[in-house]
Each structure stands twice: as structure tokens, then as C-alpha cells.
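Data from work-v6.cif: mmCIF, C-alpha atoms
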```cif
data_entry
#
loop_
_atom_site.label_atom_id
_atom_site.label_comp_id
_atom_site.auth_asym_id
_atom_site.auth_seq_id
_atom_site.Cartn_x
_atom_site.Cartn_y
_atom_site.Cartn_z
CA MET A 1 -8.49 29.89 -18.45
CA ARG A 2 -9.83 33.01 -16.74
CA VAL A 3 -8.69 36.62 -17.04
CA SER A 4 -8.98 38.71 -13.89
CA PHE A 5 -7.63 42.20 -13.27
CA GLY A 6 -5.37 41.85 -16.30
CA GLU A 7 -3.83 38.47 -15.47
CA GLU A 8 -4.61 34.94 -16.68
CA PHE A 9 -5.45 32.16 -14.23
CA ASP A 10 -5.78 28.47 -15.00
CA VAL A 11 -8.26 28.07 -12.15
CA PRO A 12 -10.98 25.41 -12.40
CA ASP A 13 -14.66 26.26 -12.21
CA GLY A 14 -15.97 26.02 -8.67
CA TYR A 15 -12.62 26.59 -6.97
CA LEU A 16 -13.58 28.40 -3.75
CA ASN A 17 -10.67 27.36 -1.54
CA THR A 18 -8.25 30.28 -1.67
CA ALA A 19 -8.36 30.49 2.13
CA SER A 20 -6.47 27.18 2.03
CA ILE A 21 -4.41 27.42 -1.17
CA GLY A 22 -4.35 30.35 -3.59
CA ILE A 23 -4.06 29.71 -7.32
CA PRO A 24 -1.10 31.49 -8.97
CA SER A 25 -1.49 33.46 -12.14
CA VAL A 26 -0.03 32.01 -15.31
CA ALA A 27 2.80 34.54 -15.02
CA VAL A 28 3.65 33.41 -11.47
CA GLY A 29 3.57 29.75 -12.44
CA GLU A 30 5.76 30.34 -15.48
CA ALA A 31 8.31 32.28 -13.42
CA VAL A 32 8.64 29.42 -10.95
CA THR A 33 8.75 26.82 -13.73
CA SER A 34 11.53 28.73 -15.46
CA ALA A 35 13.53 29.01 -12.23
CA VAL A 36 13.21 25.30 -11.54
CA ALA A 37 14.23 24.51 -15.13
CA GLY A 38 17.33 26.63 -14.62
CA TRP A 39 18.11 24.78 -11.42
CA ARG A 40 17.81 21.44 -13.24
CA ALA A 41 20.20 22.67 -15.91
CA GLY A 42 22.75 23.99 -13.42
CA ALA A 43 22.12 27.58 -14.47
CA GLY A 44 21.03 28.94 -11.07
CA ARG A 45 23.41 31.23 -9.17
CA ALA A 46 22.76 32.08 -5.52
CA GLY A 47 23.29 35.81 -5.85
CA GLU A 48 20.73 36.04 -8.64
CA TYR A 49 17.92 35.33 -6.18
CA ASP A 50 18.55 38.50 -4.17
CA GLU A 51 16.62 40.49 -6.76
CA PRO A 52 13.33 38.52 -6.58
CA VAL A 53 13.59 38.46 -2.79
CA ALA A 54 13.87 42.25 -2.83
CA ARG A 55 10.98 42.64 -5.27
CA ALA A 56 8.70 40.44 -3.18
CA ARG A 57 9.75 42.28 -0.01
CA ALA A 58 8.93 45.61 -1.64
CA GLY A 59 5.58 44.27 -2.84
CA PHE A 60 4.66 43.20 0.67
CA ALA A 61 5.74 46.58 2.03
CA ASP A 62 3.49 48.32 -0.49
CA LEU A 63 0.54 46.10 0.43
CA VAL A 64 0.92 46.95 4.12
CA GLY A 65 1.85 50.58 3.54
CA VAL A 66 5.34 50.70 5.05
CA GLY A 67 8.89 50.99 3.80
CA ALA A 68 10.71 47.87 2.62
CA ASP A 69 13.30 48.45 5.35
CA ARG A 70 10.66 47.43 7.87
CA VAL A 71 9.95 44.03 6.29
CA ALA A 72 11.57 40.75 7.35
CA ILE A 73 11.25 37.45 5.47
CA GLY A 74 10.67 34.01 6.92
CA PRO A 75 9.29 30.58 6.07
CA ALA A 76 5.95 30.78 7.91
CA VAL A 77 3.81 33.00 10.13
CA SER A 78 4.62 31.17 13.36
CA ALA A 79 8.37 31.53 12.82
CA LEU A 80 8.06 35.31 12.46
CA VAL A 81 5.55 35.76 15.28
CA GLY A 82 7.88 33.67 17.43
CA LEU A 83 10.59 36.34 17.09
CA VAL A 84 8.23 38.87 18.68
CA ALA A 85 7.06 36.44 21.35
CA ALA A 86 10.62 35.57 22.36
CA ALA A 87 11.43 39.26 22.89
CA LEU A 88 8.50 39.96 25.22
CA PRO A 89 9.53 40.88 28.76
CA ALA A 90 8.92 38.26 31.44
CA GLY A 91 5.40 38.52 32.80
CA ALA A 92 3.94 40.20 29.73
CA ARG A 93 0.18 39.92 29.28
CA VAL A 94 -1.06 38.92 25.81
CA LEU A 95 -4.64 39.03 24.53
CA VAL A 96 -5.85 36.75 21.72
CA ALA A 97 -9.17 35.79 20.20
CA GLY A 98 -10.80 32.54 21.25
CA GLY A 99 -10.49 29.98 18.47
CA GLU A 100 -7.65 31.93 16.84
CA PHE A 101 -5.35 30.15 14.39
CA THR A 102 -2.57 28.55 16.40
CA SER A 103 0.27 30.09 14.39
CA VAL A 104 -0.77 33.35 16.05
CA THR A 105 -1.30 32.09 19.60
CA TRP A 106 1.13 29.23 20.18
CA PRO A 107 4.34 31.30 19.83
CA PHE A 108 3.15 33.36 22.82
CA ALA A 109 1.86 30.35 24.77
CA ALA A 110 5.34 28.82 24.34
CA GLN A 111 6.70 31.64 26.52
CA ALA A 112 4.75 30.52 29.61
CA GLU A 113 7.93 29.48 31.44
CA ARG A 114 8.95 33.16 31.44
CA GLY A 115 5.65 34.17 32.97
CA VAL A 116 4.07 35.37 29.74
CA SER A 117 0.30 34.91 30.08
CA VAL A 118 -2.13 34.51 27.18
CA THR A 119 -5.81 35.34 27.65
CA GLU A 120 -8.52 34.26 25.19
CA VAL A 121 -11.70 36.28 24.72
CA ASP A 122 -14.42 36.31 22.09
CA LEU A 123 -13.35 38.13 18.94
CA ALA A 124 -15.92 40.87 19.60
CA GLN A 125 -14.21 41.61 22.94
CA VAL A 126 -10.66 41.85 21.57
CA GLY A 127 -10.97 45.52 20.68
CA PRO A 128 -12.78 46.68 23.84
CA ARG A 129 -10.38 44.80 26.14
CA ALA A 130 -7.13 45.44 24.28
CA GLY A 131 -6.14 48.30 26.55
CA GLU A 132 -5.92 45.92 29.53
CA PHE A 133 -2.97 44.06 28.01
CA ASP A 134 0.61 44.63 26.97
CA LEU A 135 0.13 43.11 23.52
CA VAL A 136 -2.72 41.91 21.34
CA ALA A 137 -2.12 39.21 18.71
CA VAL A 138 -5.02 38.56 16.37
CA SER A 139 -5.89 37.81 12.75
CA THR A 140 -7.46 40.66 10.86
CA VAL A 141 -9.83 38.06 9.38
CA GLN A 142 -10.46 34.81 11.19
CA SER A 143 -9.38 31.69 9.34
CA ALA A 144 -12.26 29.51 10.52
CA ASP A 145 -15.21 31.69 9.55
CA GLY A 146 -14.06 34.98 8.01
CA ARG A 147 -15.05 37.29 10.88
CA LEU A 148 -13.25 40.64 10.94
CA VAL A 149 -11.58 42.11 13.99
CA ASP A 150 -12.36 45.71 14.96
CA LEU A 151 -9.26 47.40 13.59
CA ASP A 152 -10.35 50.87 14.72
CA ALA A 153 -10.58 49.69 18.33
CA LEU A 154 -7.14 48.09 18.11
CA ARG A 155 -5.66 51.23 16.62
CA ALA A 156 -7.09 53.23 19.53
CA ALA A 157 -5.63 50.72 22.01
CA ARG A 158 -2.23 51.05 20.37
CA ALA A 159 -2.40 54.80 20.82
CA GLY A 160 -2.85 54.05 24.52
CA GLY A 161 0.29 51.91 24.70
CA THR A 162 -0.85 48.39 23.80
CA ARG A 163 1.29 46.67 21.17
CA VAL A 164 -0.67 45.18 18.26
CA VAL A 165 0.43 42.19 16.16
CA LEU A 166 -1.82 41.39 13.19
CA ASP A 167 -1.84 38.19 11.15
CA ALA A 168 -3.09 39.33 7.76
CA THR A 169 -2.75 35.95 6.04
CA GLN A 170 -6.50 35.71 5.43
CA SER A 171 -6.97 39.33 4.40
CA LEU A 172 -3.94 40.80 2.65
CA GLY A 173 -4.67 40.66 -1.07
CA TRP A 174 -8.41 41.39 -0.85
CA LEU A 175 -9.21 43.49 2.25
CA ASP A 176 -9.01 47.22 1.59
CA ALA A 177 -7.81 48.35 5.01
CA ASP A 178 -4.93 50.40 6.40
CA LEU A 179 -2.65 48.17 8.47
CA SER A 180 0.44 50.39 8.44
CA TRP A 181 -0.17 51.63 12.00
CA ALA A 182 0.22 48.18 13.63
CA ASP A 183 3.40 47.19 15.46
CA ALA A 184 3.70 44.08 13.31
CA VAL A 185 1.80 42.73 10.32
CA VAL A 186 2.63 39.19 9.27
CA ALA A 187 1.27 37.09 6.41
CA ALA A 188 2.00 33.84 4.61
CA GLY A 189 2.19 33.99 0.83
CA TYR A 190 0.40 30.85 -0.32
CA LYS A 191 -3.21 31.89 0.18
CA TRP A 192 -4.59 35.26 -0.92
CA LEU A 193 -1.15 36.48 -2.01
CA LEU A 194 -1.11 33.76 -4.69
CA SER A 195 2.50 32.75 -4.11
CA PRO A 196 4.21 29.40 -3.52
CA ARG A 197 4.08 27.94 -0.02
CA GLY A 198 7.29 28.45 1.93
CA VAL A 199 7.55 32.22 2.31
CA ALA A 200 6.07 34.74 4.74
CA TRP A 201 6.80 38.35 5.58
CA MET A 202 6.53 40.56 8.65
CA ALA A 203 6.32 44.34 8.58
CA ILE A 204 7.57 45.40 12.00
CA HIS A 205 7.69 48.79 13.69
CA PRO A 206 11.17 49.79 14.92
CA GLU A 207 9.77 50.29 18.43
CA LEU A 208 8.61 46.67 18.72
CA ALA A 209 11.29 44.37 20.06
CA ALA A 210 11.96 41.13 18.19
CA ALA A 211 14.64 38.56 18.93
CA PRO A 212 16.90 37.60 16.00
CA SER A 213 16.98 34.11 17.47
CA ALA A 214 17.17 32.49 14.03
CA ALA A 215 19.90 34.85 12.81
CA GLY A 216 21.86 33.43 9.89
CA TRP A 217 23.88 34.56 6.94
CA TYR A 218 20.98 36.25 5.15
CA ALA A 219 20.45 38.60 8.09
CA GLY A 220 23.97 40.01 7.79
CA ALA A 221 24.76 43.63 7.12
CA ASP A 222 26.71 42.48 4.05
CA ARG A 223 25.21 39.09 3.40
CA TRP A 224 27.83 37.98 0.87
CA SER A 225 30.82 39.01 3.01
CA ASP A 226 29.64 38.23 6.54
CA VAL A 227 29.12 34.51 6.05
CA TYR A 228 31.96 33.15 8.20
CA GLY A 229 33.03 33.70 11.77
CA LEU A 230 32.27 36.26 14.46
CA PRO A 231 31.43 38.91 15.51
CA MET A 232 27.78 38.92 14.44
CA THR A 233 27.11 41.85 12.13
CA LEU A 234 23.37 42.02 11.59
CA ALA A 235 21.64 44.39 9.17
CA ALA A 236 20.55 47.69 10.68
CA ASP A 237 16.90 47.33 9.62
CA ALA A 238 14.27 44.57 9.61
CA ARG A 239 16.56 42.38 7.49
CA ALA A 240 18.25 41.50 10.79
CA LEU A 241 15.29 39.16 11.34
CA ASP A 242 15.56 37.45 7.93
CA THR A 243 16.07 33.74 7.54
CA SER A 244 17.60 32.22 4.44
CA PRO A 245 15.04 32.48 1.62
CA ALA A 246 13.35 29.62 -0.20
CA TRP A 247 14.52 30.83 -3.60
CA TYR A 248 11.84 29.46 -5.91
CA CYS A 249 9.06 30.60 -3.61
CA HIS A 250 10.38 34.15 -3.78
CA VAL A 251 10.67 33.95 -7.56
CA GLY A 252 6.91 33.43 -7.70
CA ALA A 253 6.18 35.99 -5.00
CA ALA A 254 8.27 38.56 -6.86
CA VAL A 255 5.68 38.42 -9.64
CA ALA A 256 2.55 38.06 -7.52
CA LEU A 257 3.03 40.66 -4.79
CA PRO A 258 4.00 43.71 -6.88
CA TRP A 259 1.05 42.96 -9.16
CA LEU A 260 -1.37 42.72 -6.24
CA ALA A 261 0.05 45.88 -4.70
CA GLY A 262 -0.55 47.75 -7.93
CA LEU A 263 -4.25 46.89 -8.24
CA ASP A 264 -7.16 49.13 -7.31
CA ARG A 265 -7.69 47.73 -3.82
CA ALA A 266 -11.18 49.11 -3.47
CA ALA A 267 -12.15 47.33 -6.70
CA VAL A 268 -10.60 44.05 -5.57
CA HIS A 269 -12.33 44.34 -2.19
CA ALA A 270 -15.68 45.08 -3.82
CA HIS A 271 -15.31 42.13 -6.20
CA CYS A 272 -14.37 39.55 -3.56
CA VAL A 273 -16.79 40.71 -0.87
CA GLY A 274 -19.53 41.24 -3.44
CA LEU A 275 -19.33 37.60 -4.52
CA ALA A 276 -19.22 36.37 -0.93
CA ASP A 277 -22.19 38.48 0.13
CA ALA A 278 -24.14 37.38 -2.96
CA PHE A 279 -23.53 33.79 -1.90
CA ARG A 280 -24.61 34.61 1.64
CA ALA A 281 -27.77 36.28 0.35
CA GLY A 282 -28.61 33.17 -1.66
CA LEU A 283 -28.51 31.18 1.56
CA GLY A 284 -30.59 33.73 3.49
CA MET A 285 -27.57 35.00 5.44
CA GLU A 286 -26.85 38.64 6.24
CA PRO A 287 -23.91 40.35 4.48
CA ALA A 288 -20.69 40.21 6.49
CA GLY A 289 -18.17 42.24 4.53
CA SER A 290 -15.78 39.30 4.31
CA ALA A 291 -14.48 37.24 1.39
CA ILE A 292 -14.73 34.09 3.55
CA VAL A 293 -18.05 32.39 4.24
CA SER A 294 -18.67 29.60 6.75
CA VAL A 295 -21.67 27.37 6.06
CA ARG A 296 -23.01 25.29 8.91
CA ARG A 297 -25.45 22.95 7.20
CA GLU A 298 -25.51 19.21 7.51
CA GLY A 299 -23.70 17.59 4.60
CA ALA A 300 -22.71 20.95 3.08
CA GLY A 301 -19.14 19.93 2.35
CA GLU A 302 -20.17 16.69 0.70
CA ARG A 303 -22.82 18.37 -1.45
CA LEU A 304 -20.40 21.05 -2.57
CA ALA A 305 -17.77 18.48 -3.48
CA ALA A 306 -20.32 16.43 -5.45
CA ALA A 307 -21.12 19.56 -7.48
CA GLY A 308 -17.46 20.18 -8.25
CA VAL A 309 -17.05 23.00 -5.73
CA VAL A 310 -13.73 22.98 -3.89
CA SER A 311 -14.14 24.21 -0.31
CA ALA A 312 -12.59 23.30 3.03
CA ALA A 313 -13.85 21.82 6.29
CA ARG A 314 -13.00 24.14 9.17
CA ALA A 315 -14.36 24.23 12.73
CA GLY A 316 -17.27 21.94 11.88
CA ALA A 317 -18.41 23.94 8.84
CA ALA A 318 -17.79 24.23 5.11
CA ARG A 319 -15.56 27.22 4.41
CA LEU A 320 -15.71 28.98 1.03
CA ALA A 321 -13.42 31.77 -0.11
CA PHE A 322 -14.02 34.20 -2.98
CA HIS A 323 -10.96 35.81 -4.56
CA LEU A 324 -10.33 38.04 -7.55
CA TYR A 325 -10.37 35.15 -10.05
CA ASN A 326 -13.78 33.91 -8.93
CA THR A 327 -16.99 34.79 -10.77
CA GLU A 328 -20.76 34.86 -10.37
CA ALA A 329 -20.80 31.42 -12.00
CA ASP A 330 -18.87 30.06 -9.01
CA VAL A 331 -21.47 31.59 -6.70
CA ALA A 332 -24.31 30.04 -8.70
CA ARG A 333 -22.67 26.60 -8.70
CA ALA A 334 -22.18 26.66 -4.92
CA LEU A 335 -25.72 27.87 -4.27
CA GLU A 336 -27.22 25.21 -6.53
CA ALA A 337 -25.27 22.54 -4.67
CA LEU A 338 -26.72 23.67 -1.35
CA GLN A 339 -30.36 24.02 -2.41
CA PRO A 340 -32.80 21.61 -0.71
CA SER A 341 -33.30 18.44 -2.72
CA GLY A 342 -36.64 17.07 -3.80
#
```
Step by step, read the file and then write its structure as C-alpha cells.
Amino acid sequence: MRVSFGEEFDVPDGYLNTASIGIPSVAVGEAVTSAVAGWRAGAGRAGEYDEPVARARAGFADLVGVGADRVAIGPAVSALVGLVAAALPAGARVLVAGGEFTSVTWPFAAQAERGVSVTEVDLAQVGPRAGEFDLVAVSTVQSADGRLVDLDALRAARAGGTRVVLDATQSLGWLDADLSWADAVVAAGYKWLLSPRGVAWMAIHPELAAAPSAAGWYAGADRWSDVYGLPMTLAADARALDTSPAWYCHVGAAVALPWLAGLDRAAVHAHCVGLADAFRAGLGMEPAGSAIVSVRREGAGERLAAAGVVSAARAGAARLAFHLYNTEADVARALEALQPSG
């Protein structure tokens, strides 16, 4: 058991795979366990889950820096990004990073029949070229290797009229950065936000069009009255984009997100990046300011696994992720595993 930033985590030594699956705190796990036990006993009531959905929504809003009325819920990043992509005008030009995670790019590529074009450039060129396009869709931190996009350049492009959609799945929860200016910020909960898989959120600016193409009962102005028949009476704010919530996922998120939002973000950032850069230094790599490290060494993944280090294979490299529950001992274990033998 580890204690980090005031919470207990039953995370095993050497677990450096948060970029794939985050480990919930004991409190999050117990909340979900209790909810499932109530379900088994027939004690669950549908209306009771509105409160944890609202708490998780508010926590996400606080993390991004916007009001809760601007946050929509969904099951995954691609489903939420797809609402923005479907609302783009025919012929819109979209810029993405080469090698970007497909949940960011494919929703826009799926609009090709309407003349929507998607252009890939190197991540370093996304900021400088953003002003040439109608919309930029990019991860704040790249999933494959942890590289950071130039947020200042994107913010300047937005001031010039380019819409900016950010996938913060690999950054929200550790990166101390202002994202409130973006037209949309979307993130899945099951990685750095330490929540169950099955829930995602999107903070969307009122000026950015999004199609309520998956509109259902939970998007209604009065969700418990507008459940039968027409006309469609959608909520007046971002809830109009909601899909029906995965209850037990939100029960966990309702504990995790408000806690994360209440932490000293600079301290969390310094902890996570400090561990990652210490690991990089041990391998003779320059600091990168990211909590994700990609190691391109032959047999790296196998050697890490043999030493009890949990990492992931991504884009031909071993990917390690350092979150708030990781320690210097995890760094030392990973470095020892990668030292030359003999």
C-alpha cells in the first residue's frame, strides 16, 4: 500500500503503465465496490446516480478551468470528438499531428464524404501551421512517446480564428497547464484520471458547433420527464451532448476527479515530471518535461517485464508513465532493468 497526496493506493512496485491503465485509489475502488454490491442486492435506484455524475462533471470542469455547464459526458474520446467532427461545415480543413492517436483523427477522417480534409504534419509543425486551417485536433501530450504540443502557438492560432480541439487524455491529472481557452477539451477517465474505463468528458466552448447526433434521454432539459415522445427538448447547455451514463464508472469518477482537481497541480506536475526526467537522466537522455518516456532499446520491454516493471509497447518502443503514486524506487527498478548486462 502506498500513500500519495493524502490518498492510499494498492499499486504494485514497478507499475509504470498509467498511460495505459491508471490505478484507482482505495477510496475510488471502495466506492465502485459498494455501488456494485448495492446493484447485486437490488438497492440501486436510477435517480441516485445523477449526483455522482454531477460531481464527476464538476471535477472535470475544475480540472480544465471551465464551468460545469460546458461539460458533456460520453463513453469514450472518439464518441465525443465525433460530435464536433459531424458538425463541421462541408469542405472544412483539419490539421492533425502525424502519428496521432486515432480516436482524435478518425472522427474527422470519417467526414471525407462531405469534403472534410485532414492534413497530417509533424507535431513540431502543428503550432506554426495551425493558422492555415479551420480546425486543429491534437493531443496535448502524445500517447506514443509523451511529446508535448506547443499550446502557446495553438492559443495564438485560436485568437486568429482557428478552432482548437485538444485531447487531454494523456495529460489531464498531471500536466499543470491552462486548457480553458480551447474550443474543446476531451479526456477519457481510465488513465491519469484514475477512474473506471467507460466514461469520458468534453469541455466545449459555446461557439463551437457540435451535433447532438447521439441525443437520448439523458440529454433532455428535464431528463426524468422528457423520456417519451416528441418534440425533442434538449438541455440548454453542454448536457445536450450527453449520452446515458455508465453508472458505476461515474461513481468512481465522482471520487477521483474532485480529489485530483483539489490538489496542488504544480506539486503533482513536479512530482510526475521529476520522476520521468530522473529516469531519462539515468539513461543519458535529455529532460523532456513529460510524465511519459519512450525507450527505444532492443529488448527493453522484455527486460523491464523480467524485472517486474509494468510498461507498454507503443510505436516500436517501451513506454513508461510516472504518476503521483510512483516513487524513486520505481525509477531505480526500471533503470536497473535497462543497465547493460555483463
What's around range 277-291 of chain A at 10 Å? Count only C-alpha atoms, leave out sequence neighbours fewer than 4 positions away in its own chain, and write the answer as a PyMOL selection string. chain A and resi 18-19+141-142+145-148+170-171+174-175+269-273+295+320-324+328+330-336+338-339
In Å and to one decimal, CA of Arg40 in chain A is distant from CA of Tyr190 in chain A by 23.6 Å
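Between CA of Ile23 in chain A and CA of Ala187 in chain A the separation is 16.5 Å.
When the PyMOL selection byres ((chain A and resi 57) around 8) is evaluated on the file shown here, the picked residues come out as Val53, Ala54, Arg55, Ala56, Ala58, Gly59, Phe60, Ala61, Ala68, Val71, Ala72, Ile73, Trp201 and Ala254 of chain A.
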Would you write out, as a list in words, every residue that the PyMOL selection byres ((chain A and resi 129) around 12) captures in this file?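 The output of the PyMOL selection byres ((chain A and resi 129) around 12) on this file is Val94, Leu95, Val96, Ala97, Thr119, Glu120, Val121, Asp122, Leu123, Ala124, Gln125, Val126, Gly127, Pro128, Ala130, Gly131, Glu132, Phe133, Asp134, Leu135, Val136, Asp150, Ala153, Leu154, Ala156, Ala157, Arg158 and Thr162 of chain A.
The environment of range 81-84 of chain A within 7 Å, counting only C-alpha atoms and disregarding residues fewer than 3 places along the same chain, consists of Val77, Ser78, Ala87, Leu88, Val104, Pro107, Ala209, Ala210, Ala211, Pro212 and Ser213 of chain A.
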Please produce range 212-226 of chain A, completed to N, CA, C and O atoms, as a PDB file, in the frame of the given file.
```pdb
ATOM      1  N   PRO A 212      16.351  38.258  17.194  1.00  0.00           N
ATOM      2  CA  PRO A 212      16.900  37.600  16.000  1.00  0.00           C
ATOM      3  C   PRO A 212      17.430  36.210  16.339  1.00  0.00           C
ATOM      4  O   PRO A 212      18.584  35.871  16.065  1.00  0.00           O
ATOM      5  N   SER A 213      16.552  35.412  16.943  1.00  0.00           N
ATOM      6  CA  SER A 213      16.980  34.110  17.470  1.00  0.00           C
ATOM      7  C   SER A 213      17.294  33.104  16.374  1.00  0.00           C
ATOM      8  O   SER A 213      17.912  32.075  16.640  1.00  0.00           O
ATOM      9  N   ALA A 214      16.852  33.386  15.147  1.00  0.00           N
ATOM     10  CA  ALA A 214      17.170  32.490  14.030  1.00  0.00           C
ATOM     11  C   ALA A 214      18.180  33.143  13.094  1.00  0.00           C
ATOM     12  O   ALA A 214      18.251  32.804  11.917  1.00  0.00           O
ATOM     13  N   ALA A 215      18.971  34.080  13.636  1.00  0.00           N
ATOM     14  CA  ALA A 215      19.900  34.850  12.810  1.00  0.00           C
ATOM     15  C   ALA A 215      20.833  33.917  12.024  1.00  0.00           C
ATOM     16  O   ALA A 215      21.404  32.980  12.567  1.00  0.00           O
ATOM     17  N   GLY A 216      20.961  34.198  10.760  1.00  0.00           N
ATOM     18  CA  GLY A 216      21.860  33.430   9.890  1.00  0.00           C
ATOM     19  C   GLY A 216      22.465  34.350   8.867  1.00  0.00           C
ATOM     20  O   GLY A 216      22.322  35.573   8.930  1.00  0.00           O
ATOM     21  N   TRP A 217      23.106  33.782   7.889  1.00  0.00           N
ATOM     22  CA  TRP A 217      23.880  34.560   6.940  1.00  0.00           C
ATOM     23  C   TRP A 217      23.051  35.601   6.185  1.00  0.00           C
ATOM     24  O   TRP A 217      23.548  36.676   5.855  1.00  0.00           O
ATOM     25  N   TYR A 218      21.780  35.318   5.934  1.00  0.00           N
ATOM     26  CA  TYR A 218      20.980  36.250   5.150  1.00  0.00           C
ATOM     27  C   TYR A 218      20.576  37.483   5.933  1.00  0.00           C
ATOM     28  O   TYR A 218      20.103  38.464   5.356  1.00  0.00           O
ATOM     29  N   ALA A 219      20.764  37.448   7.245  1.00  0.00           N
ATOM     30  CA  ALA A 219      20.450  38.600   8.090  1.00  0.00           C
ATOM     31  C   ALA A 219      21.639  39.534   8.252  1.00  0.00           C
ATOM     32  O   ALA A 219      21.544  40.546   8.945  1.00  0.00           O
ATOM     33  N   GLY A 220      22.760  39.226   7.626  1.00  0.00           N
ATOM     34  CA  GLY A 220      23.970  40.010   7.790  1.00  0.00           C
ATOM     35  C   GLY A 220      23.922  41.368   7.135  1.00  0.00           C
ATOM     36  O   GLY A 220      23.200  41.583   6.151  1.00  0.00           O
ATOM     37  N   ALA A 221      24.682  42.281   7.686  1.00  0.00           N
ATOM     38  CA  ALA A 221      24.760  43.630   7.120  1.00  0.00           C
ATOM     39  C   ALA A 221      25.244  43.571   5.673  1.00  0.00           C
ATOM     40  O   ALA A 221      24.732  44.282   4.805  1.00  0.00           O
ATOM     41  N   ASP A 222      26.238  42.728   5.411  1.00  0.00           N
ATOM     42  CA  ASP A 222      26.710  42.480   4.050  1.00  0.00           C
ATOM     43  C   ASP A 222      26.641  40.978   3.844  1.00  0.00           C
ATOM     44  O   ASP A 222      27.589  40.246   4.130  1.00  0.00           O
ATOM     45  N   ARG A 223      25.502  40.526   3.361  1.00  0.00           N
ATOM     46  CA  ARG A 223      25.210  39.090   3.400  1.00  0.00           C
ATOM     47  C   ARG A 223      26.218  38.243   2.630  1.00  0.00           C
ATOM     48  O   ARG A 223      26.367  37.052   2.910  1.00  0.00           O
ATOM     49  N   TRP A 224      26.898  38.799   1.646  1.00  0.00           N
ATOM     50  CA  TRP A 224      27.830  37.980   0.870  1.00  0.00           C
ATOM     51  C   TRP A 224      29.265  38.080   1.386  1.00  0.00           C
ATOM     52  O   TRP A 224      30.147  37.392   0.895  1.00  0.00           O
ATOM     53  N   SER A 225      29.489  38.921   2.398  1.00  0.00           N
ATOM     54  CA  SER A 225      30.820  39.010   3.010  1.00  0.00           C
ATOM     55  C   SER A 225      30.836  38.466   4.426  1.00  0.00           C
ATOM     56  O   SER A 225      31.832  37.894   4.864  1.00  0.00           O
ATOM     57  N   ASP A 226      29.689  38.616   5.140  1.00  0.00           N
ATOM     58  CA  ASP A 226      29.640  38.230   6.540  1.00  0.00           C
ATOM     59  C   ASP A 226      29.108  36.815   6.715  1.00  0.00           C
ATOM     60  O   ASP A 226      28.170  36.577   7.490  1.00  0.00           O
TER      61      ASP A 226
END
```
